[in-house]
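Presented below is the structure to which this report refers.
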Amino acid sequence: MLRIENLSKDFGGLRAVDHCSFEVPAGTIFGLIGPNGSGKSTIFNLVTGFLLPTEGEIYFKGERITGWPPYAVVRKGIARTFQLVRVFRNMTVMENMLLGPKHQVGENFIAGVLNLPAVRRQERENVKKARELLAMMGLERFENEYAGNLSYAEQKLVEIARALMTDPDFLMLDEPASGINPTLVDNILQHIRRLRDEQGKTILLVEHDMNVVMNLCDWIVVLNYGQKICEGTPETVSCDPRVIDAYLGV
Amino acid sequence: APATPTPAPQATQPAAGQVCTVGFINHLTGDAAAYGQSMKKGVELALDKINANGEKIRVIFEDDRLSAADAQTAFLKLVDSDKVPVILGSGSSTVTLSLCPKAEERKVVLISSISTAPALKQCGDYVFSAMASDDAQGPEWAKVAEYLKADEVAVMYLNNDYGIGVKDAFLASYKGKVLIAQPFELGAKDFRTEILKVKATNPKVVFIVDHVAEGSIVIKQAAELGMNVQWVTDVSMVAKEVIDLAGAAAEGIMGLRAGSTQTPEYKEFEAAFQKKFNEPPTIWADFSYDTMMLVAMAIDKYGCNSEGIQKGLMEVSQSYVGPSGPKAFNEYGISQGVYEWMVVKDGKWVLYEKK
Amino acid sequence: MSEHTGETLLEIRDLVAGYGKIEVLHGISLKVQRGEIVTLVGANGAGKTTTLRSIMGLTDIRAGRIIFDGTDITGWSPHRVAARGIAFVPQERSIFPSLTVYENLEMGAYQLPPGEFAARLEAIYARFPRLKERYRQRAGTLSGGERRMLAIARGLIANPALMLVDEPSLGLAPKVVEAVFENVQGINREGTTILLVEQNARRALAIAHRAYVMELGHIRYEGTGRQLLEDEQVQRLYLGGART
Amino acid sequence: MDIFAQLLVNGLIAGGTYALAAIGYSMVYSILKFINFAHGSIAMVGAYITFFLAIQSLHLPLPAAFFLSMLLTALLGISVERIAYRPLRRAPKLATLTTAIAVSFVLDAAVMILMGADIKTFSLPVMQGYSIGPVLITPVQIIIIGASLLFMLLLYILLTRTKLGKAIRAVADDPSLAEASGINANVVIAAVFGIGSALAAAAGSLIGLDTNLQPTMGFLITIKAFAAVVLGGLGSVYGAIVGGFIIGIVENLGVWVIPPVWKDTIAYGILILVLFVWPAGLFGSVEEAGVLQQ
Amino acid sequence: MEIAVHLLVLITIYGILAISLNLMVGMAGLFNLGLAAFYGIGAYTSAILSRNFGVPVGLSLLAGVALAALIGFIIGLPTVKLVGDYLAVVTMGLGEITRAVFKNWVPVTRGPMGLPGIPHMSLFGFKLDTAPFFLAFSFLMIAVSFILVERIRLSPFGRVLRGVREDEMGAQALGKNTYWYKMTALVVGSGLAGLAGGLFAHYMNFIDPSSFVMWLTFFIFLAIMMGGLGNNLGAVVATGVLMVLREGLRFAGLPPAVAAPLQQLIFGILLIIMTIFAPRGLIPEQKPRYD
Ligand SMILES: Nc1ncnc2c1ncn2[C@@H]1O[C@H](COP(=O)(O)OP(=O)(O)OP(=O)(O)O)[C@@H](O)[C@H]1O
Ligand SMILES: Nc1ncnc2c1ncn2[C@@H]1O[C@H](COP(=O)(O)OP(=O)(O)OP(=O)(O)O)[C@@H](O)[C@H]1O
Ligand SMILES: [Mg+2]
Ligand SMILES: [Mg+2]
């Protein structure tokens, strides 16, 4: 699904990602872990076109997407969340959700202004789906609240729900569990697992909560100072002394 | 119309208790407020005289903000709500031009003190201007040039209807060589580069047409940049502001003055103005004073209605001489200009004495 | 209850507060004794952050009292509260993004006498070596975890009497989480009282002397850290079922 | 080449006043993230206060009037912030922009009522400038350039060396976090308005000394300073200074080759070109550029 | 009273400008300070075509709309990439440049002298040469503009625009090509401004560069901010309120010595008071509901 080759990113003198290569096979839940500042979020930003790599190539669904603008990359079937929540603060939660789906007929100027039947039908479906997802996140009562008026975690949940709205082939989640109540985390994990099992979706996950990572991921890549230090199944990775030393501690 | 001598207005009796309401539209705020406010003072001075023996005329002052749309609003307010038969029109030619179709349509007299665009001739019977068209100043400049034996000159002009009008008229009647015709913008404060360009052509005589706000800065900055030339200005720069700012550098500047400062009418006006406002007459106040007086005389003669005023203005103006000179309206309703040559001597504008 | 039966450092009485017209806290009361670590846990949106912000004077208070060290600080503006000896590590927007790491720390020490800064800085760098490495970087470009470290360091450097910490472990790597909780305990042992909000409730309760559980703007339970940790109800609702 | 040197100096003179005006603008922007469209009007009031103190009524010596005017204008700036901007601190930024425009209406009209609409001049003696090499320059113009450089130096020291300077940057970044760190944001913001307005008064007075005074002169100052600030990069005080000088110089050089009626066009043309190359101005950061979008 | 009709005509014309600016600024976050330029382009195009070349007024009006939109498009190509206040200053510059063209392209625009004698509006041979007739027409035009922009606001397209306004990167992360959304808003907005300009030209029958100054842009800005950014009804209502306030003060009988500046002073103070009491505008942006 996604292949990264020899990817590097420099910020001034700092090399945030250093000749990194790995491949995310379709239909897996793939974990990306590593100490703070090891370059995980930077890889997210490189893949989605928010940053341009200093070196290296990125392939998505077999196509080279290096240097594409974000919207074009995302349109190929990616949905992502941000580590620092990014909701549209002066729009309601429902509006936030409805911005999720790609290729909406009504987002075309003419069709939107004419309010064609197809547009209305699609809107109805999307609203229904949004309500289901909001219910899962426990956010029903905020449907018509401005997203900026929600608490930190509530905003984060909106962002995750919005990513799920888009029905992506490839879902990239940057620390979905941090700051979220553990009970709710369980719900979200189950949903993610279902996405893979029932719909064959691919998920790339950055997370510091080892419970989540170990329970959920099929395969894990560990970064340190921008370099891949090892990869493998959760079991092998968690026993690797380099990982314990750099990341997990004793 | 034959010239029938009209008695001075103060000599007539006020019509039995009737107060005639008259409108005034000018730029009272914004960039050009200095001129509008000054013209307002001239009208106020005239009113003191007209109403000395009981109120005969009341003026309602409206702001056009130098915009055609706002002038239209002011016009309609005056006509519909205050029911004025006559409006002392705007100082800006473009604003006056924009009002003239409405004035003709509603049959309201529009009389501007200083609008000089030649296009005003086409406006119709109800539109008057108490100042000669731009095309009159140009030939007068040419006379000055001839007198100064200047066979090459530079011209600096303001880039608006007025500046272009005067410049073009001058170029049409001047026989010598024009080294450069340098425009500059209204509202700017830094003209140094423009001046350097003119200076680079080494002129001995520079003709400049400008508003005082900008023109005085030009003269000052030119002096600072070491430009020693004989300046000749248009009528609007013959004002104390130029001397205030340019100081010693203003010494020797020549300029045209519409009307005459030497007449008894002007001297009387000057004294009265000084008394009322505690300052020497401000720019164009004499012109607006005269328009007010003319309107008052017309009202006296044919009453407070627009047809009467229209007719009256044509008649009374023929023999009227005010501080700004004789005001006889021609067939277009435009006064003919007489020009006086002025010069700055010992920090004052005085009559230029031809040798 | 606690071994710190000493004096009350902070007391909140029947506090009603919120944002503009929206009321979030519907009358909560809690106490923090000098020298304690007190933890506030609860579901998302329960009002934990709002409680801390209210203490700092960053919300609109409708009713109730906040008493700190014998002084009624209700309605004080935040800078006075800070000057009185309370430091705040917010959950979001916890650093000055366009200032460098070093300057951020300087701002944290704004209330400190000039001489003390250098010594405190050394102590902070010792606790968070990563910040020393990055001291000239603009804080806005730090990674998520680095930001948290800086935020905590910013609060700590002021040497406050009471520190309000909102989710210190947010986004930190496991090893660093360990270190942060150790740090919190360390700071506490050195004499700083701590009011802690944490979603990683198991860890937080484990180091807390006492704790409160919040739900929809009310305080639901209160007890020692251990009591709540073992309470079945609390476990089921807030600690996330059977996971280890 | 001589002409070129003269044009350059002329550009510096114009640029000095733009830069002085732009500093206050930029400081206010960096801290409150809105364009203070009243800034030019405040400069205009400063110029009139100097005129009033030195010429119209008290006949104070000019330098005394100048500094007293800076002080009084600082107080005016602080009051404007208190009355018209502070109540809107938590409102959308565009609301503050509305009141800023309204404040400029009010100030312009007030000066027009109190001082009249006519053109005022300081009537300083006019003389041909000193020749320095091929360049002519008058003492007032030397003072303009000197004063702008001096004030910029003082400002640099203030911003980098003092506690207030750091507090200003902190409040600019995040007012509520600054408050929570023990910084009195209201005092800091008042100080910014005070300093910015005092510098505006200096700019206005210098322009007034060099040319003349009109109640509407503030608009031009606002526009030029705005362009300078954007050119330099929003929120970057040093950028604003550089921007001011660049605009002054470019205008003066440009008019040499292009008719002056296109003068503003040249300034804007340069500005537009620069922004296409550096989308956030010369010294600005792209991340901060979007802040005004509510 | 004709003045009432006149003010209503101006309100409808400025109202269209407010709707246009609201689309660009309020909905799409495009801080366009060059509004007066597009307004002027519409006015000059329609005036020149009908006055000098005898093009029927309806057609010339459309041509003005088209040219304003086209220039909006060309200007937009490089500029909509800029954000926030940078866009503001570029559009402001373009506005001033356009005005310099009106002022200095004398053979075509007659420069500062202005264009007199612009033909009256006519529809299918019927001449709208009285103010009430014209009002009916301009009212129709504002209604059309209003419905168009309301439709945009309520459509998924408009939702994306709001998303772009809130956080452009965020919208890109959702796969929206924000560039084209902004572009569309700019083009439609410019066209509407051109329409307002054309109406103005044929109503006043005279235009000169002083009608297209930046103050007008500021005035419309005040209107949309006061009306409630993003709310079209608010924008139109506020335009009316501001116009009536500003022109209504003429009737207040203020002391003649200082009436005009005093009107400006009072207008300013009222603006400040209104903003402080309703910082989100008279009618704040409405939350769209989905049922
Ligand atoms: N724009 C930037 N300029 C300079 N340095 C940057 C920039 N963005 C990121 N960095 C640096 O690059 C490194 C990698 O950052 P990144 O955000 O990818 O880390 P991360 O692995 O996501 O960490 P965390 O787990 O803490 O979120 C960090 O040290 C950070 O300081
Ligand atoms: N600025 C605001 N305006 C209006 N309502 C707000 C605002 N901030 C928070 N709220 C509301 O107050 C409630 C409590 O928010 P608070 O941030 O205190 O929760 P919290 O307990 O800290 O949650 P979390 O675990 O998500 O951080 C939330 O439901 C939220 O909707
Ligand atoms: Mg990260
Ligand atoms: Mg919280």
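In the structure tokens, the first chain shown is A, the next is B, and so on; residue numbers restart at 1 for each chain, and ligands run from 1 in the order shown.
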Exercise for review: Kindly work out which residues sit at most 6 Å from ligand 1, using only C-alpha atoms and all ligand atoms, and give the list as a list in words.
Suggested key: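 So, counting only C-alpha atoms and all ligand atoms, the residues near ligand 1 are Phe11, Ala16, Pro35, Asn36, Gly37, Ser38, Gly39, Lys40, Ser41 and Thr42 of chain A; Thr141, Leu142, Ser143, Gly144, Gly145 and Glu146 of chain C.
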Nearby polymer residues, ligand 4, at most 6 Å, only C-alpha atoms and all ligand atoms, as a PDB file with N, CA and C atoms, in the first residue's frame:
```pdb
ATOM      1  N   SER A 151     -13.706  20.150  24.753  1.00  0.00           N
ATOM      2  CA  SER A 151     -12.474  19.926  25.506  1.00  0.00           C
ATOM      3  C   SER A 151     -11.438  19.289  24.576  1.00  0.00           C
ATOM      4  N   TYR A 152     -10.210  19.232  25.072  1.00  0.00           N
ATOM      5  CA  TYR A 152      -9.112  18.742  24.252  1.00  0.00           C
ATOM      6  C   TYR A 152      -9.414  17.368  23.656  1.00  0.00           C
TER       7      TYR A 152
ATOM      8  N   LYS C  48     -12.161  18.811  34.043  1.00  0.00           N
ATOM      9  CA  LYS C  48     -10.890  18.819  34.771  1.00  0.00           C
ATOM     10  C   LYS C  48     -10.052  20.033  34.379  1.00  0.00           C
ATOM     11  N   THR C  49      -9.887  20.204  33.077  1.00  0.00           N
ATOM     12  CA  THR C  49      -9.123  21.350  32.605  1.00  0.00           C
ATOM     13  C   THR C  49      -9.769  22.648  33.076  1.00  0.00           C
TER      14      THR C  49
END
```
Go through chain A and flag each residue having an atom no more than 12 Å from ligand 3; for those, report the closest pair of atoms plus their distance in Å to one decimal, using only C-alpha atoms and all ligand atoms, ordered by chain and rising number, as a Markdown table.
```
| residue | atom | partner | partner_atom_place_in_ligand_line | distance |
| --- | --- | --- | --- | --- |
| A:Ala16 | CA | ligand 3 | 1 (Mg) | 11.3 |
| A:Leu32 | CA | ligand 3 | 1 (Mg) | 10.3 |
| A:Ile33 | CA | ligand 3 | 1 (Mg) | 9.6 |
| A:Gly34 | CA | ligand 3 | 1 (Mg) | 9.4 |
| A:Pro35 | CA | ligand 3 | 1 (Mg) | 9.3 |
| A:Asn36 | CA | ligand 3 | 1 (Mg) | 6.9 |
| A:Gly37 | CA | ligand 3 | 1 (Mg) | 6.8 |
| A:Ser38 | CA | ligand 3 | 1 (Mg) | 8.1 |
| A:Gly39 | CA | ligand 3 | 1 (Mg) | 7.0 |
| A:Lys40 | CA | ligand 3 | 1 (Mg) | 5.5 |
| A:Ser41 | CA | ligand 3 | 1 (Mg) | 4.0 |
| A:Thr42 | CA | ligand 3 | 1 (Mg) | 7.2 |
| A:Ile43 | CA | ligand 3 | 1 (Mg) | 9.2 |
| A:Phe44 | CA | ligand 3 | 1 (Mg) | 8.7 |
| A:Asn45 | CA | ligand 3 | 1 (Mg) | 10.0 |
| A:Thr81 | CA | ligand 3 | 1 (Mg) | 11.1 |
| A:Phe82 | CA | ligand 3 | 1 (Mg) | 8.6 |
| A:Gln83 | CA | ligand 3 | 1 (Mg) | 6.0 |
| A:Leu84 | CA | ligand 3 | 1 (Mg) | 8.6 |
| A:Val85 | CA | ligand 3 | 1 (Mg) | 11.7 |
| A:Leu173 | CA | ligand 3 | 1 (Mg) | 10.5 |
| A:Asp174 | CA | ligand 3 | 1 (Mg) | 6.9 |
| A:Glu175 | CA | ligand 3 | 1 (Mg) | 7.7 |
| A:Pro176 | CA | ligand 3 | 1 (Mg) | 11.2 |
| A:Ser178 | CA | ligand 3 | 1 (Mg) | 11.3 |
| A:Leu205 | CA | ligand 3 | 1 (Mg) | 11.0 |
| A:Val206 | CA | ligand 3 | 1 (Mg) | 7.7 |
| A:Glu207 | CA | ligand 3 | 1 (Mg) | 8.8 |
| A:His208 | CA | ligand 3 | 1 (Mg) | 9.7 |
| A:Leu223 | CA | ligand 3 | 1 (Mg) | 11.6 |
| A:Gly226 | CA | ligand 3 | 1 (Mg) | 11.9 |
```
Could you pull the residues within 9 Å of C:Leu170, counting only C-alpha atoms, minus those fewer than 6 positions along the same chain, as a PDB file with N, CA and C atoms, in the first residue's frame?
```
ATOM      1  N   SER A 178      -3.856   9.234  22.977  1.00  0.00           N
ATOM      2  CA  SER A 178      -3.322  10.069  24.042  1.00  0.00           C
ATOM      3  C   SER A 178      -4.354  11.070  24.516  1.00  0.00           C
ATOM      4  N   GLY A 179      -4.537  11.120  25.817  1.00  0.00           N
ATOM      5  CA  GLY A 179      -5.489  12.048  26.400  1.00  0.00           C
ATOM      6  C   GLY A 179      -6.921  11.563  26.369  1.00  0.00           C
TER       7      GLY A 179
ATOM      8  N   GLN C  91      -2.903  21.992  29.150  1.00  0.00           N
ATOM      9  CA  GLN C  91      -2.992  20.804  28.309  1.00  0.00           C
ATOM     10  C   GLN C  91      -2.659  21.164  26.858  1.00  0.00           C
ATOM     11  N   GLY C 144       5.881  16.660  19.404  1.00  0.00           N
ATOM     12  CA  GLY C 144       4.822  16.690  20.409  1.00  0.00           C
ATOM     13  C   GLY C 144       5.345  16.420  21.814  1.00  0.00           C
ATOM     14  N   GLY C 145       6.192  15.414  21.937  1.00  0.00           N
ATOM     15  CA  GLY C 145       6.684  15.051  23.248  1.00  0.00           C
ATOM     16  C   GLY C 145       7.630  16.097  23.823  1.00  0.00           C
ATOM     17  N   ARG C 148       5.776  18.829  25.484  1.00  0.00           N
ATOM     18  CA  ARG C 148       5.284  18.533  26.838  1.00  0.00           C
ATOM     19  C   ARG C 148       6.401  18.724  27.845  1.00  0.00           C
ATOM     20  N   VAL C 177       7.543   8.938  30.161  1.00  0.00           N
ATOM     21  CA  VAL C 177       6.411   8.954  31.084  1.00  0.00           C
ATOM     22  C   VAL C 177       6.892   8.536  32.471  1.00  0.00           C
ATOM     23  N   GLU C 198      -4.882  13.805  34.996  1.00  0.00           N
ATOM     24  CA  GLU C 198      -4.187  12.814  34.185  1.00  0.00           C
ATOM     25  C   GLU C 198      -5.188  11.807  33.656  1.00  0.00           C
ATOM     26  N   GLN C 199      -5.041  11.508  32.362  1.00  0.00           N
ATOM     27  CA  GLN C 199      -5.892  10.513  31.739  1.00  0.00           C
ATOM     28  C   GLN C 199      -5.312   9.118  31.964  1.00  0.00           C
ATOM     29  N   ASN C 200      -3.994   9.092  32.159  1.00  0.00           N
ATOM     30  CA  ASN C 200      -3.319   7.845  32.497  1.00  0.00           C
ATOM     31  C   ASN C 200      -3.570   7.611  33.982  1.00  0.00           C
TER      32      ASN C 200
END
```
Exercise for review: Could you check which of A:Met91, A:Val17, A:Met214, A:Val73 is closest to chain D, using only C-alpha atoms?
Suggested key: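 Going through A:Met91, A:Val17, A:Met214, A:Val73 one by one, the smallest distance to chain D is for A:Met91.
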Expected selection as a PDB file with C-alpha atoms, in the first residue's frame for ligand 2 within 10 Å, only C-alpha atoms and all ligand atoms:
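After the write, selection-v7.pdb holds the following:
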```pdb
ATOM      1  CA  LEU A 139     -20.231  13.039  21.077  1.00  0.00           C
ATOM      2  CA  ARG A 141     -24.770  16.001  22.319  1.00  0.00           C
ATOM      3  CA  PHE A 142     -22.168  18.193  20.639  1.00  0.00           C
ATOM      4  CA  GLU A 145     -21.694  22.852  19.078  1.00  0.00           C
ATOM      5  CA  TYR A 146     -18.739  24.741  17.647  1.00  0.00           C
ATOM      6  CA  ALA A 147     -15.791  22.371  17.621  1.00  0.00           C
ATOM      7  CA  GLY A 148     -13.599  25.001  19.262  1.00  0.00           C
ATOM      8  CA  ASN A 149     -15.811  24.841  22.344  1.00  0.00           C
ATOM      9  CA  LEU A 150     -15.017  21.223  23.043  1.00  0.00           C
ATOM     10  CA  SER A 151     -12.474  19.926  25.506  1.00  0.00           C
ATOM     11  CA  TYR A 152      -9.112  18.742  24.252  1.00  0.00           C
ATOM     12  CA  ALA A 153      -9.975  15.098  24.025  1.00  0.00           C
ATOM     13  CA  GLU A 154     -13.397  15.766  22.595  1.00  0.00           C
ATOM     14  CA  GLN A 155     -11.778  17.684  19.760  1.00  0.00           C
ATOM     15  CA  LYS A 156      -9.406  14.839  19.235  1.00  0.00           C
ATOM     16  CA  LEU A 157     -12.309  12.427  18.997  1.00  0.00           C
ATOM     17  CA  SER A 178      -3.322  10.069  24.042  1.00  0.00           C
ATOM     18  CA  GLY A 179      -5.489  12.048  26.400  1.00  0.00           C
ATOM     19  CA  ILE A 180      -8.502   9.872  25.709  1.00  0.00           C
ATOM     20  CA  ASN A 181     -10.317   8.135  28.490  1.00  0.00           C
TER      21      ASN A 181
ATOM     22  CA  ALA C  17     -17.699  28.408  36.395  1.00  0.00           C
ATOM     23  CA  GLY C  18     -17.584  28.169  32.613  1.00  0.00           C
ATOM     24  CA  TYR C  19     -16.944  30.009  29.367  1.00  0.00           C
ATOM     25  CA  GLY C  20     -19.196  32.946  28.582  1.00  0.00           C
ATOM     26  CA  LYS C  21     -22.769  31.713  28.772  1.00  0.00           C
ATOM     27  CA  ILE C  22     -21.769  28.062  28.917  1.00  0.00           C
ATOM     28  CA  GLU C  23     -21.615  26.689  32.429  1.00  0.00           C
ATOM     29  CA  VAL C  24     -19.185  23.796  32.820  1.00  0.00           C
ATOM     30  CA  LEU C  25     -18.573  23.387  36.542  1.00  0.00           C
ATOM     31  CA  LEU C  40      -8.194  14.768  39.382  1.00  0.00           C
ATOM     32  CA  VAL C  41      -9.485  12.052  37.079  1.00  0.00           C
ATOM     33  CA  GLY C  42     -12.612  11.714  35.000  1.00  0.00           C
ATOM     34  CA  ALA C  43     -14.005  11.127  31.564  1.00  0.00           C
ATOM     35  CA  ASN C  44     -13.313  13.420  28.670  1.00  0.00           C
ATOM     36  CA  GLY C  45     -15.096  16.699  28.983  1.00  0.00           C
ATOM     37  CA  ALA C  46     -15.780  16.217  32.678  1.00  0.00           C
ATOM     38  CA  GLY C  47     -14.357  19.642  33.493  1.00  0.00           C
ATOM     39  CA  LYS C  48     -10.890  18.819  34.771  1.00  0.00           C
ATOM     40  CA  THR C  49      -9.123  21.350  32.605  1.00  0.00           C
ATOM     41  CA  THR C  50     -11.793  23.891  33.396  1.00  0.00           C
ATOM     42  CA  THR C  51     -11.151  23.385  37.121  1.00  0.00           C
ATOM     43  CA  LEU C  52      -7.459  24.113  36.753  1.00  0.00           C
ATOM     44  CA  ARG C  53      -8.127  27.101  34.518  1.00  0.00           C
ATOM     45  CA  SER C  54     -10.586  28.452  37.046  1.00  0.00           C
ATOM     46  CA  THR C  59     -12.533  31.179  33.160  1.00  0.00           C
ATOM     47  CA  PRO C  90      -1.805  23.675  30.429  1.00  0.00           C
ATOM     48  CA  GLN C  91      -2.992  20.804  28.309  1.00  0.00           C
ATOM     49  CA  GLU C  92      -3.042  22.671  25.019  1.00  0.00           C
ATOM     50  CA  ASP C 166      -2.792  19.168  33.095  1.00  0.00           C
ATOM     51  CA  GLU C 167      -1.992  15.761  31.605  1.00  0.00           C
ATOM     52  CA  VAL C 197      -4.987  16.003  36.015  1.00  0.00           C
ATOM     53  CA  GLU C 198      -4.187  12.814  34.185  1.00  0.00           C
ATOM     54  CA  GLN C 199      -5.892  10.513  31.739  1.00  0.00           C
ATOM     55  CA  MET C 214     -15.093  14.246  38.193  1.00  0.00           C
ATOM     56  CA  GLU C 215     -18.085  13.683  36.001  1.00  0.00           C
ATOM     57  CA  LEU C 216     -19.976  16.250  33.949  1.00  0.00           C
ATOM     58  CA  GLY C 217     -18.952  19.175  36.071  1.00  0.00           C
TER      59      GLY C 217
END
```
Exercise for review: Within 10 Å of E:Leu128, counting only C-alpha atoms, which residues show up once you throw out same-chain ones fewer than 6 positions away? Write them as a list in words, please.
Suggested key: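 After dropping sequence-adjacent residues, the list is His120, Met121, Ser122, Phe134, Leu135, Ala136, Phe137, His202 and Tyr203 of chain E.
Distances to chain C were evaluated for A:Pro241, A:Pro234, A:Pro25, A:Pro182 using only C-alpha atoms, and the minimum falls at A:Pro182.
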Exercise for review: Dump as number ranges by chain the residues of chain E that approach chain B to within 7 Å, counting only C-alpha atoms.
Suggested key: E: 1-3, 112-114, 206, 210-211, 256, 260-261
Selected residues written out, C-alpha atoms, as an mmCIF file, in the first residue's frame:
```
data_model
loop_
_atom_site.group_PDB
_atom_site.id
_atom_site.type_symbol
_atom_site.label_atom_id
_atom_site.label_comp_id
_atom_site.auth_asym_id
_atom_site.auth_seq_id
_atom_site.Cartn_x
_atom_site.Cartn_y
_atom_site.Cartn_z
ATOM 1 C CA MET E 1 -39.251 61.313 -1.478
ATOM 2 C CA GLU E 2 -36.594 60.894 -4.050
ATOM 3 C CA ILE E 3 -33.821 60.900 -1.493
ATOM 4 C CA PRO E 112 -9.821 62.495 -13.628
ATOM 5 C CA MET E 113 -12.430 64.319 -15.699
ATOM 6 C CA GLY E 114 -14.769 61.394 -15.384
ATOM 7 C CA PHE E 206 -21.516 59.775 -14.431
ATOM 8 C CA SER E 210 -13.101 59.140 -6.958
ATOM 9 C CA SER E 211 -16.030 56.743 -6.712
ATOM 10 C CA PRO E 256 -23.721 74.154 11.104
ATOM 11 C CA ALA E 260 -19.889 67.695 8.688
ATOM 12 C CA PRO E 261 -16.961 66.614 10.867
#
```
Contact check, chain D to chain B, at most 7 Å, counting only C-alpha atoms, closest pairs as a tab-separated table:
```
residue	atom	partner	partner_atom	distance
D:Leu7	CA	B:Thr193	CA	6.6
D:Asn10	CA	B:Arg192	CA	6.7
D:Ala117	CA	B:Ala34	CA	4.7
D:Asp118	CA	B:Ala34	CA	4.3
D:Ile119	CA	B:Ala34	CA	6.6
D:Thr121	CA	B:Leu245	CA	5.7
D:Ser123	CA	B:Leu245	CA	5.1
D:Pro125	CA	B:Gly247	CA	6.0
D:Val126	CA	B:Gly247	CA	5.9
D:Met127	CA	B:Glu224	CA	5.8
D:Gln128	CA	B:Glu224	CA	4.1
D:Gly129	CA	B:Glu224	CA	5.1
D:Leu136	CA	B:Leu225	CA	6.0
D:Thr138	CA	B:Glu224	CA	6.7
D:Thr211	CA	B:Ile217	CA	5.8
D:Thr216	CA	B:Asp31	CA	5.7
D:Asn252	CA	B:Thr193	CA	5.7
D:Val255	CA	B:Thr193	CA	6.4
D:Trp256	CA	B:Thr193	CA	6.3
D:Pro260	CA	B:Phe184	CA	5.7
D:Val261	CA	B:Glu185	CA	5.7
```
Exercise for review: Please provide as an MDAnalysis selection string all residues within 12 Å of stretch 55-59 of chain E, with the sequence filter that same-chain residues fewer than 3 positions apart are discarded (counting only C-alpha atoms).
Suggested key: chainID E and resid 43 45:52 62:66 118:128 137 195 198:199 201:203 205
